[in-house]
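Report on the structure given below.
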Amino acid sequence: MPLLIDIRKLTLITRLIQDGAEQVADSLATLAGVDAAVEIKSLSFVQPEDIATEMGGGTIYSARVRLTEPPYGVFLMTFETETAAEIAELMTGSSVEDGFTQLHESALQEMCNILTSGFIDGIANTLNATINMGTPTV
């Protein structure tokens, strides 16, 4: 069953997403010392039981975090395998050609923590509020 969203809220949601993405890019630049750009490829509002259908059958890497204050819910950030591999290689300096090692997975988890936290912080800044959240889970 589709999730219904008031069309008037989409402008605010778009602004929150853009501000969150800018905060993520700033965080990456500060922490990694590299120029970064974050591109939001899609935004979906789905019921938890519909996530697998929405995402498809391929392998994905994701980080999720529960928002314990408004706007509540679960924030889920996903990466296709190619993006996850690129992030892991950049962070570790080693190839994932033979598969993800524990070091690659740890680096990917840390990047997910940085990205998720930065994104939520950007949204909170736009709302001029504090958004308490749980620890990101990869």
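Here's how to read the names in the structure tokens: chain A, B, ... by the order shown, residue numbers from 1 in each chain, ligand numbers from 1 in the order shown.
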- Message: Can you tell me, as a PyMOL selection string, which residues in chain A count as helix (DSSP H, G or I) by DSSP?
- Response: chain A and resi 7-32+48-55+81-92+102-127
- Which polymer residues have any atom within 9 Å of an atom of segment 72-76 of chain A, counting only C-alpha atoms, with same-chain residues fewer than 4 positions away left out, as a PyMOL selection string? chain A and resi 48+62-68+116+120+131+133
- Message: Please return, as a PyMOL selection string, all residues of segment 2-138 of chain A that DSSP assigns to strand (DSSP E or B) on the basis of the backbone.
- Response: chain A and resi 60-67+73-80+133+137
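Across A:Leu43, A:Tyr61, A:Thr137, A:Asn113, the tightest approach to Leu16 of chain A is made by A:Leu43 when counting only C-alpha atoms.
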- Could you please determine the separation between atom CA of Thr135 of chain A and atom CA of Glu82 of chain A in Å, to one decimal place? 24.9 Å
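Taking atom CA of Asn125 of chain A and atom CA of Asp19 of chain A as the two end points, the separation is 8.3 Å.
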- Message: Residues near Ala25 of chain A, anyone? I mean within 12 Å using only C-alpha atoms, not counting same-chain ones fewer than 4 positions away, as a PyMOL selection string.
- Response: chain A and resi 18-21+29-40+111+114-119+121-122
Export of prior selection with C-alpha atoms as an mmCIF file, in the first residue's frame:
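Below you can see selection23.cif, which holds the result:
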data_model
loop_
_atom_site.group_PDB
_atom_site.id
_atom_site.type_symbol
_atom_site.label_atom_id
_atom_site.label_comp_id
_atom_site.auth_asym_id
_atom_site.auth_seq_id
_atom_site.Cartn_x
_atom_site.Cartn_y
_atom_site.Cartn_z
ATOM 1 C CA GLN A 18 19.355 19.387 0.025
ATOM 2 C CA ASP A 19 20.568 20.909 3.290
ATOM 3 C CA GLY A 20 21.381 17.464 4.639
ATOM 4 C CA ALA A 21 23.400 16.640 1.520
ATOM 5 C CA ALA A 29 35.649 17.844 3.306
ATOM 6 C CA THR A 30 36.497 18.546 6.944
ATOM 7 C CA LEU A 31 37.168 14.953 8.004
ATOM 8 C CA ALA A 32 38.845 13.614 4.877
ATOM 9 C CA GLY A 33 40.417 16.798 3.549
ATOM 10 C CA VAL A 34 38.903 16.285 0.100
ATOM 11 C CA ASP A 35 36.430 18.248 -1.944
ATOM 12 C CA ALA A 36 33.174 16.349 -1.927
ATOM 13 C CA ALA A 37 29.829 16.570 -3.622
ATOM 14 C CA VAL A 38 26.824 14.548 -2.553
ATOM 15 C CA GLU A 39 24.197 13.677 -5.122
ATOM 16 C CA ILE A 40 20.808 12.450 -3.996
ATOM 17 C CA MET A 111 31.681 6.384 6.324
ATOM 18 C CA ILE A 114 29.706 10.096 9.035
ATOM 19 C CA LEU A 115 27.218 10.445 6.189
ATOM 20 C CA THR A 116 24.146 9.588 8.232
ATOM 21 C CA SER A 117 25.112 11.868 11.116
ATOM 22 C CA GLY A 118 25.965 14.708 8.744
ATOM 23 C CA PHE A 119 22.705 14.313 6.884
ATOM 24 C CA ASP A 121 22.581 17.310 11.408
ATOM 25 C CA GLY A 122 21.880 19.240 8.200
#
